[in-house]
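Here is data35.csv, consisting of CSV, C-alpha atoms (C1' of nucleotides):
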chain,number,residue,atom,x,y,z
A,1,MET,CA,64.5,141.2,57.5
A,2,LYS,CA,61.7,139.2,58.9
A,3,LEU,CA,58.6,140.1,60.8
A,4,SER,CA,59.8,138.1,63.8
A,5,GLU,CA,62.8,140.4,64.1
A,6,LEU,CA,60.6,143.5,64.6
A,7,LYS,CA,59.5,144.6,68.0
A,8,SER,CA,55.7,144.6,68.6
A,9,ALA,CA,54.0,147.7,69.6
A,10,ALA,CA,53.3,146.2,73.0
A,11,GLU,CA,56.9,145.5,73.6
A,12,VAL,CA,57.9,149.1,72.7
A,13,HIS,CA,55.2,150.4,74.9
A,14,ASP,CA,56.4,148.3,77.9
A,15,GLU,CA,59.9,149.6,77.4
A,16,VAL,CA,58.7,153.2,77.6
A,17,LEU,CA,56.8,152.6,80.8
A,18,THR,CA,59.3,150.7,82.9
A,19,SER,CA,62.6,152.6,82.3
A,20,PRO,CA,64.7,149.4,82.7
A,21,GLU,CA,68.0,151.1,83.4
A,22,ALA,CA,66.8,152.9,86.5
A,23,LYS,CA,65.1,149.9,87.9
A,24,ALA,CA,68.0,147.6,87.2
A,25,GLU,CA,70.2,150.0,89.2
A,26,ARG,CA,67.8,150.0,92.1
A,27,ASP,CA,67.7,146.2,92.2
A,28,ARG,CA,71.4,145.9,91.9
A,29,THR,CA,72.2,148.0,95.0
A,30,ALA,CA,69.3,146.5,97.0
A,31,PHE,CA,70.6,143.0,96.3
A,32,ALA,CA,74.1,144.0,97.3
A,33,HIS,CA,72.8,145.5,100.5
A,34,ASP,CA,70.9,142.3,101.4
A,35,VAL,CA,74.0,140.2,100.9
A,36,ALA,CA,75.9,142.7,103.0
A,37,LEU,CA,73.4,142.3,105.8
A,38,ARG,CA,73.9,138.6,105.8
A,39,VAL,CA,77.6,138.9,106.1
A,40,ILE,CA,77.4,141.6,108.8
A,41,SER,CA,74.9,139.6,110.9
A,42,TYR,CA,76.9,136.4,110.6
A,43,ARG,CA,80.0,138.2,111.8
A,44,ALA,CA,78.0,139.7,114.7
A,45,THR,CA,76.5,136.4,115.9
A,46,HIS,CA,79.9,134.7,115.6
A,47,GLN,CA,81.8,137.5,117.2
A,48,LEU,CA,84.4,137.7,114.5
A,49,SER,CA,86.5,140.6,113.3
A,50,GLN,CA,86.6,141.4,109.6
A,51,SER,CA,90.1,140.0,109.5
A,52,ALA,CA,89.1,136.7,111.2
A,53,LEU,CA,86.2,136.3,108.8
A,54,ALA,CA,88.5,137.0,105.9
A,55,ARG,CA,90.8,134.3,107.1
A,56,GLN,CA,88.0,131.9,107.3
A,57,LEU,CA,87.0,132.6,103.7
A,58,GLY,CA,90.5,132.8,102.3
A,59,MET,CA,90.2,136.5,101.7
A,60,LYS,CA,91.7,139.7,103.0
A,61,GLN,CA,90.1,142.2,105.4
A,62,PRO,CA,89.4,144.9,102.8
A,63,ALA,CA,87.4,142.3,100.7
A,64,ILE,CA,85.1,141.8,103.7
A,65,ALA,CA,84.8,145.5,104.2
A,66,ARG,CA,83.8,146.0,100.6
A,67,LEU,CA,81.2,143.2,100.8
A,68,GLU,CA,79.7,144.8,103.9
A,69,ALA,CA,79.6,148.2,102.3
A,70,GLY,CA,77.2,146.7,99.7
A,71,ASP,CA,78.4,149.0,97.0
A,72,HIS,CA,78.4,146.5,94.2
A,73,GLU,CA,76.6,143.3,93.2
A,74,PRO,CA,78.4,140.2,94.4
A,75,SER,CA,79.0,137.6,91.7
A,76,LEU,CA,77.6,134.1,91.9
A,77,SER,CA,81.1,132.8,92.5
A,78,THR,CA,81.4,135.1,95.5
A,79,LEU,CA,78.1,134.0,96.8
A,80,SER,CA,79.2,130.4,96.5
A,81,ARG,CA,82.4,131.2,98.4
A,82,LEU,CA,80.3,132.8,101.2
A,83,ALA,CA,78.0,129.8,101.3
A,84,ARG,CA,80.9,127.4,101.7
A,85,GLY,CA,82.9,129.5,104.1
A,86,LEU,CA,80.0,130.5,106.4
A,87,ASN,CA,78.0,127.3,105.8
A,88,ILE,CA,74.9,129.2,104.9
A,89,ASP,CA,72.5,129.2,101.9
A,90,PHE,CA,71.5,131.9,99.5
A,91,HIS,CA,68.3,131.8,97.6
A,92,VAL,CA,68.1,134.2,94.8
A,93,ASP,CA,64.8,135.0,92.9
A,94,VAL,CA,65.3,136.6,89.5
A,95,THR,CA,62.0,137.8,88.1
A,96,PRO,CA,61.0,140.2,85.3
A,97,ASN,CA,61.0,143.1,87.6
A,98,SER,CA,63.1,142.3,90.6
A,99,LEU,CA,66.3,140.7,91.9
A,100,GLU,CA,65.8,139.5,95.4
A,101,LEU,CA,67.5,137.6,98.1
A,102,ARG,CA,65.0,135.3,99.8
A,103,ALA,CA,65.1,134.3,103.5
B,1,MET,CA,80.1,114.3,71.8
B,2,LYS,CA,80.2,110.6,72.1
B,3,LEU,CA,79.3,108.6,75.1
B,4,SER,CA,82.8,107.3,75.3
B,5,GLU,CA,84.0,110.8,75.8
B,6,LEU,CA,81.9,111.3,79.0
B,7,LYS,CA,83.4,110.7,82.4
B,8,SER,CA,81.9,107.8,84.3
B,9,ALA,CA,80.1,108.5,87.6
B,10,ALA,CA,83.0,106.9,89.4
B,11,GLU,CA,85.5,109.3,87.9
B,12,VAL,CA,83.3,112.3,88.7
B,13,HIS,CA,82.9,111.0,92.2
B,14,ASP,CA,86.7,110.8,92.6
B,15,GLU,CA,87.1,114.3,91.5
B,16,VAL,CA,84.7,115.5,94.1
B,17,LEU,CA,86.6,113.7,96.8
B,18,THR,CA,90.1,114.7,95.7
B,19,SER,CA,89.7,118.1,94.3
B,20,PRO,CA,87.3,120.7,95.6
B,21,GLU,CA,88.3,123.0,92.8
B,22,ALA,CA,87.0,120.5,90.2
B,23,LYS,CA,83.6,120.5,91.9
B,24,ALA,CA,83.4,124.2,91.8
B,25,GLU,CA,84.2,124.2,88.1
B,26,ARG,CA,81.6,121.5,87.5
B,27,ASP,CA,79.0,123.5,89.3
B,28,ARG,CA,79.9,126.6,87.3
B,29,THR,CA,79.6,124.9,83.9
B,30,ALA,CA,76.5,123.0,85.0
B,31,PHE,CA,74.8,126.2,86.0
B,32,ALA,CA,75.7,127.8,82.7
B,33,HIS,CA,74.4,124.8,80.9
B,34,ASP,CA,71.0,125.0,82.8
B,35,VAL,CA,70.6,128.6,81.9
B,36,ALA,CA,71.5,127.7,78.3
B,37,LEU,CA,68.7,125.1,78.3
B,38,ARG,CA,66.2,127.7,79.5
B,39,VAL,CA,67.1,130.1,76.6
B,40,ILE,CA,67.1,127.3,74.0
B,41,SER,CA,63.7,125.9,75.1
B,42,TYR,CA,62.2,129.4,75.2
B,43,ARG,CA,63.4,130.1,71.7
B,44,ALA,CA,62.1,126.7,70.5
B,45,THR,CA,58.6,127.1,72.0
B,46,HIS,CA,58.3,130.7,70.7
B,47,GLN,CA,59.7,129.8,67.3
B,48,LEU,CA,62.3,132.5,67.3
B,49,SER,CA,65.7,132.8,65.6
B,50,GLN,CA,68.7,133.8,67.6
B,51,SER,CA,68.6,137.2,65.9
B,52,ALA,CA,64.9,137.7,66.8
B,53,LEU,CA,65.5,136.8,70.4
B,54,ALA,CA,68.6,139.0,70.5
B,55,ARG,CA,66.5,141.9,69.3
B,56,GLN,CA,63.8,141.2,71.9
B,57,LEU,CA,66.5,141.3,74.5
B,58,GLY,CA,68.4,144.3,73.1
B,59,MET,CA,71.4,142.1,72.3
B,60,LYS,CA,73.1,140.8,69.1
B,61,GLN,CA,72.9,137.3,67.7
B,62,PRO,CA,76.4,136.2,68.8
B,63,ALA,CA,75.5,137.0,72.4
B,64,ILE,CA,72.6,134.6,72.3
B,65,ALA,CA,74.8,131.9,70.7
B,66,ARG,CA,77.3,132.3,73.5
B,67,LEU,CA,74.6,132.0,76.1
B,68,GLU,CA,73.2,128.9,74.5
B,69,ALA,CA,76.7,127.4,74.3
B,70,GLY,CA,76.8,127.5,78.1
B,71,ASP,CA,80.5,128.1,78.3
B,72,HIS,CA,80.3,131.0,80.7
B,73,GLU,CA,78.5,131.4,84.0
B,74,PRO,CA,75.9,134.2,83.3
B,75,SER,CA,76.1,137.2,85.6
B,76,LEU,CA,73.2,138.1,87.8
B,77,SER,CA,72.6,141.2,85.6
B,78,THR,CA,72.4,138.9,82.6
B,79,LEU,CA,69.9,136.7,84.4
B,80,SER,CA,67.8,139.8,85.2
B,81,ARG,CA,67.9,140.8,81.6
B,82,LEU,CA,66.7,137.4,80.5
B,83,ALA,CA,64.0,137.4,83.1
B,84,ARG,CA,62.8,140.8,81.9
B,85,GLY,CA,63.0,140.1,78.2
B,86,LEU,CA,61.5,136.6,78.2
B,87,ASN,CA,59.1,137.2,81.1
B,88,ILE,CA,60.4,134.2,83.0
B,89,ASP,CA,61.8,133.6,86.5
B,90,PHE,CA,65.1,132.2,87.6
B,91,HIS,CA,65.4,130.7,91.1
B,92,VAL,CA,69.0,130.2,92.1
B,93,ASP,CA,70.0,128.0,95.1
B,94,VAL,CA,73.5,128.7,96.5
B,95,THR,CA,74.5,126.2,99.1
B,96,PRO,CA,77.8,125.2,100.7
B,97,ASN,CA,78.4,122.6,98.1
B,98,SER,CA,76.3,123.4,95.0
B,99,LEU,CA,75.1,126.2,92.7
B,100,GLU,CA,71.8,125.2,91.2
B,101,LEU,CA,69.0,126.5,89.0
B,102,ARG,CA,65.7,125.4,90.4
B,103,ALA,CA,62.6,124.7,88.3
C,1,DC,C1',100.3,158.8,126.5
C,2,DC,C1',101.2,154.7,123.6
C,3,DG,C1',100.3,151.0,121.2
C,4,DC,C1',97.4,148.0,118.9
C,5,DA,C1',93.4,146.0,117.0
C,6,DC,C1',89.7,147.2,114.1
C,7,DG,C1',87.3,148.9,110.1
C,8,DA,C1',87.2,152.1,106.0
C,9,DT,C1',89.3,153.7,101.8
C,10,DA,C1',92.3,154.5,98.0
C,11,DA,C1',94.9,152.7,94.3
C,12,DC,C1',96.2,149.4,91.2
C,13,DA,C1',96.3,144.8,88.7
C,14,DC,C1',93.7,141.2,86.9
C,15,DG,C1',90.1,137.8,85.5
C,16,DT,C1',86.0,137.1,83.4
C,17,DG,C1',81.6,138.0,81.5
C,18,DT,C1',79.7,140.9,78.1
C,19,DG,C1',79.1,143.9,73.6
C,20,DT,C1',80.2,144.1,69.0
C,21,DT,C1',81.8,143.3,64.2
C,22,DA,C1',83.2,140.3,60.8
C,23,DT,C1',83.1,136.0,58.9
C,24,DC,C1',82.2,131.0,57.9
C,25,DG,C1',79.6,126.8,56.8
C,26,DC,C1',75.2,124.9,56.4
C,27,DC,C1',70.8,124.3,54.5
C,28,DG,C1',66.2,125.4,52.0
C,29,DG,C1',63.7,127.9,48.7
C,30,DA,C1',63.2,130.4,44.3
D,1,DT,C1',72.4,126.7,41.1
D,2,DC,C1',72.2,130.8,43.5
D,3,DC,C1',70.8,133.4,47.4
D,4,DG,C1',68.8,134.0,51.8
D,5,DG,C1',68.6,133.4,56.7
D,6,DC,C1',70.5,130.9,60.4
D,7,DG,C1',73.8,129.5,63.9
D,8,DA,C1',78.8,129.2,65.3
D,9,DT,C1',83.1,131.3,66.1
D,10,DA,C1',87.0,134.3,66.2
D,11,DA,C1',88.8,138.7,67.6
D,12,DC,C1',88.7,142.7,69.9
D,13,DA,C1',87.3,146.4,73.3
D,14,DC,C1',85.2,147.2,77.6
D,15,DA,C1',82.8,147.0,82.2
D,16,DC,C1',82.7,145.3,86.5
D,17,DG,C1',83.7,142.5,90.4
D,18,DT,C1',87.6,140.9,92.8
D,19,DG,C1',92.5,140.4,95.0
D,20,DT,C1',95.9,142.9,97.2
D,21,DT,C1',98.9,146.4,99.4
D,22,DA,C1',99.2,150.4,101.8
D,23,DT,C1',97.3,153.6,104.6
D,24,DC,C1',94.3,156.5,107.9
D,25,DG,C1',91.3,157.4,111.7
D,26,DT,C1',89.1,155.7,115.8
D,27,DG,C1',88.8,153.7,120.2
D,28,DC,C1',90.3,151.0,123.9
D,29,DG,C1',93.6,148.8,127.2
D,30,DG,C1',98.2,149.2,129.0
Have the structure of the file written as structure tokens, please.
Amino acid sequence: MKLSELKSAAEVHDEVLTSPEAKAERDRTAFAHDVALRVISYRATHQLSQSALARQLGMKQPAIARLEAGDHEPSLSTLSRLARGLNIDFHVDVTPNSLELRA
Amino acid sequence: MKLSELKSAAEVHDEVLTSPEAKAERDRTAFAHDVALRVISYRATHQLSQSALARQLGMKQPAIARLEAGDHEPSLSTLSRLARGLNIDFHVDVTPNSLELRA
DNA sequence: CCGCACGATAACACGTGTGTTATCGCCGGA
DNA sequence: TCCGGCGATAACACACGTGTTATCGTGCGG
């Protein structure tokens, strides 16, 4: 075992303070919610039903409903699919203590 | 890998024109490769072994090796974990025809 | 009242990214 | 030469996001 494989006291201290699991969970749902809002507002401004939007994206209506529910974090491949199908951009900022969707 | 094994620009161009799926695949692996480079260069500048970095991130050495191989598209939760553990930022641009990691 | 579009939800299968253990080959120092 | 860490890889289990079908309730137009 080498010294470089040991955690420094500062690192351990940071872990105690930040409670990474709880924060990760908060960010996860917040991000999902932001993506949901993008989909919802697109559908509103384009006057589309969930079924119509699903057709436009090559998906089924329940998939859209699930996205708009914002209950789980969309994958990057799903974001890519949305960007293509809706002709919009997503800009994601991943920082040491947040996961955000930028305008 | 030898130069002769690489596709020419013309061949890649044809793929984009003829097969949208091929482009999605290219973006996926290119993105994975970019993330891999970030991890590799961090580890190089900080003089860490894969095992040491794994420990710093709460992972095992093979997980780091897999990340650096760049064969899978990292999930957003993995990116968050890297950002937290390495104290770096990732900025992801998702547009209708590309998935890029910005500097 | 009836029918139909709409949106939400449940249930299930499936792909893929991740976590982990166990090795393997390689190389550098004692 | 032997032994140590290092990095790659295989093999497996598992979590999670996704695709899909089948409903169910609601509300509106006929």
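Contacts from chain C to chain A at a cut-off of 8 Å (only C-alpha atoms (C1' of nucleotides)) map to DC6, DG7 and DA8 of chain C.
Coordinates place atom C1' of DG29 of chain D at a distance of 22.8 Å from atom CA of His46 of chain A.
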Non-local contacts of Ser80 of chain B (9 Å; only C-alpha atoms (C1' of nucleotides); under 2 positions in same chain excluded) as an mmCIF file with C-alpha atoms, keeping the file's coordinate frame:
data_model
loop_
_atom_site.group_PDB
_atom_site.id
_atom_site.type_symbol
_atom_site.label_atom_id
_atom_site.label_comp_id
_atom_site.auth_asym_id
_atom_site.auth_seq_id
_atom_site.Cartn_x
_atom_site.Cartn_y
_atom_site.Cartn_z
ATOM 1 C CA ALA A 24 68.000 147.600 87.200
ATOM 2 C CA VAL A 94 65.300 136.600 89.500
ATOM 3 C CA THR A 95 62.000 137.800 88.100
ATOM 4 C CA PRO A 96 61.000 140.200 85.300
ATOM 5 C CA ASN A 97 61.000 143.100 87.600
ATOM 6 C CA SER A 98 63.100 142.300 90.600
ATOM 7 C CA LEU A 99 66.300 140.700 91.900
ATOM 8 C CA SER B 75 76.100 137.200 85.600
ATOM 9 C CA LEU B 76 73.200 138.100 87.800
ATOM 10 C CA SER B 77 72.600 141.200 85.600
ATOM 11 C CA THR B 78 72.400 138.900 82.600
ATOM 12 C CA LEU B 82 66.700 137.400 80.500
ATOM 13 C CA ALA B 83 64.000 137.400 83.100
ATOM 14 C CA ARG B 84 62.800 140.800 81.900
ATOM 15 C CA GLY B 85 63.000 140.100 78.200
ATOM 16 C CA ASP B 89 61.800 133.600 86.500
ATOM 17 C CA PHE B 90 65.100 132.200 87.600
#
Worksheet item: Using only C-alpha atoms (C1' of nucleotides), which chain D residues lie at most 8 Å away from chain B, written as a PyMOL selection string?
Response: chain D and resi 6-8
Item to complete: Pick out the residues sitting within 10 Å of DG17 of chain D, and hand them over as a PyMOL selection string; count only C-alpha atoms (C1' of nucleotides), and ignore anything fewer than 3 positions along from it in its own chain.
Response: (chain A and resi 72-75+78) or (chain C and resi 15-16)
Find the residues near DT20 of chain C: any atom within 9 Å, counting all atoms listed in the file, skip ones fewer than 2 places away on the same chain, and give them as a short mmCIF file (atom, residue, chain, number, x, y, z; two decimals) with C-alpha atoms (C1' of nucleotides), in the coordinates of the input.
data_model
loop_
_atom_site.label_atom_id
_atom_site.label_comp_id
_atom_site.auth_asym_id
_atom_site.auth_seq_id
_atom_site.Cartn_x
_atom_site.Cartn_y
_atom_site.Cartn_z
CA LYS B 60 73.10 140.80 69.10
CA PRO B 62 76.40 136.20 68.80
"C1'" DC D 12 88.70 142.70 69.90
"C1'" DA D 13 87.30 146.40 73.30
#
Item to complete: Name the residues within 12 Å of (82.7, 136.7, 59.7), counting all atoms listed in the file in the file's coordinates, and put them as a list in words.
Response: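 Counting all atoms listed in the file, I find these residues within 12 Å of (82.7, 136.7, 59.7): Pro62 of chain B; DT21, DA22, DT23, DC24 and DG25 of chain C; DA8, DT9, DA10 and DA11 of chain D.
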Worksheet entry | Distance in Å - atom CA of Glu100 of chain A versus atom CA of Arg81 of chain B |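 The value is 14.0 Å.
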Practice prompt. May I ask for the distance between atom CA of Ala30 of chain A and atom C1' of DG19 of chain C, given in Å to one decimal place?
Written response: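 Here the two named atoms are 25.5 Å from each other.
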Worksheet, complete the sentence: Between A:Ala32, A:Ala63, A:Leu48, A:Leu53, smallest distance to chain B by all atoms listed in the file belongs to A:Ala32
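Each of B:Gln56, B:Ala103, B:Glu68, B:Val39 was compared to chain A using all atoms listed in the file, and B:Gln56 turns out to be the nearest.
All protein, DNA and RNA residues at most 8 Å from (98.9, 155.7, 101.3) are DA10 of chain C; DA22 and DT23 of chain D, using all atoms listed in the file.
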Discussion item. Counting all atoms listed in the file, which residue out of B:Asp34, B:Thr29, B:Ala52, B:Leu67 sits closest to DT18 of chain C?
Written reply: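 Comparing B:Asp34, B:Thr29, B:Ala52, B:Leu67 against DT18 of chain C, the winner is B:Leu67.
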Worksheet item: Between A:Arg55, A:His91, A:Arg38, A:Arg43, which one has atoms that come closest to chain B, using only C-alpha atoms?
Response: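 Closest to chain B, using only C-alpha atoms: A:His91.
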Worksheet entry | Minimum-distance residue to Leu101 of chain B, chosen among B:Leu79, B:Ile40, B:Leu57, B:Leu86 (using all atoms listed in the file) |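 Closest to Leu101 of chain B, using all atoms listed in the file: B:Leu79.
Proximity of B:Gly70, B:Val35, B:Val92, B:Arg102 to chain A, computed with only C-alpha atoms, is greatest for B:Val92.
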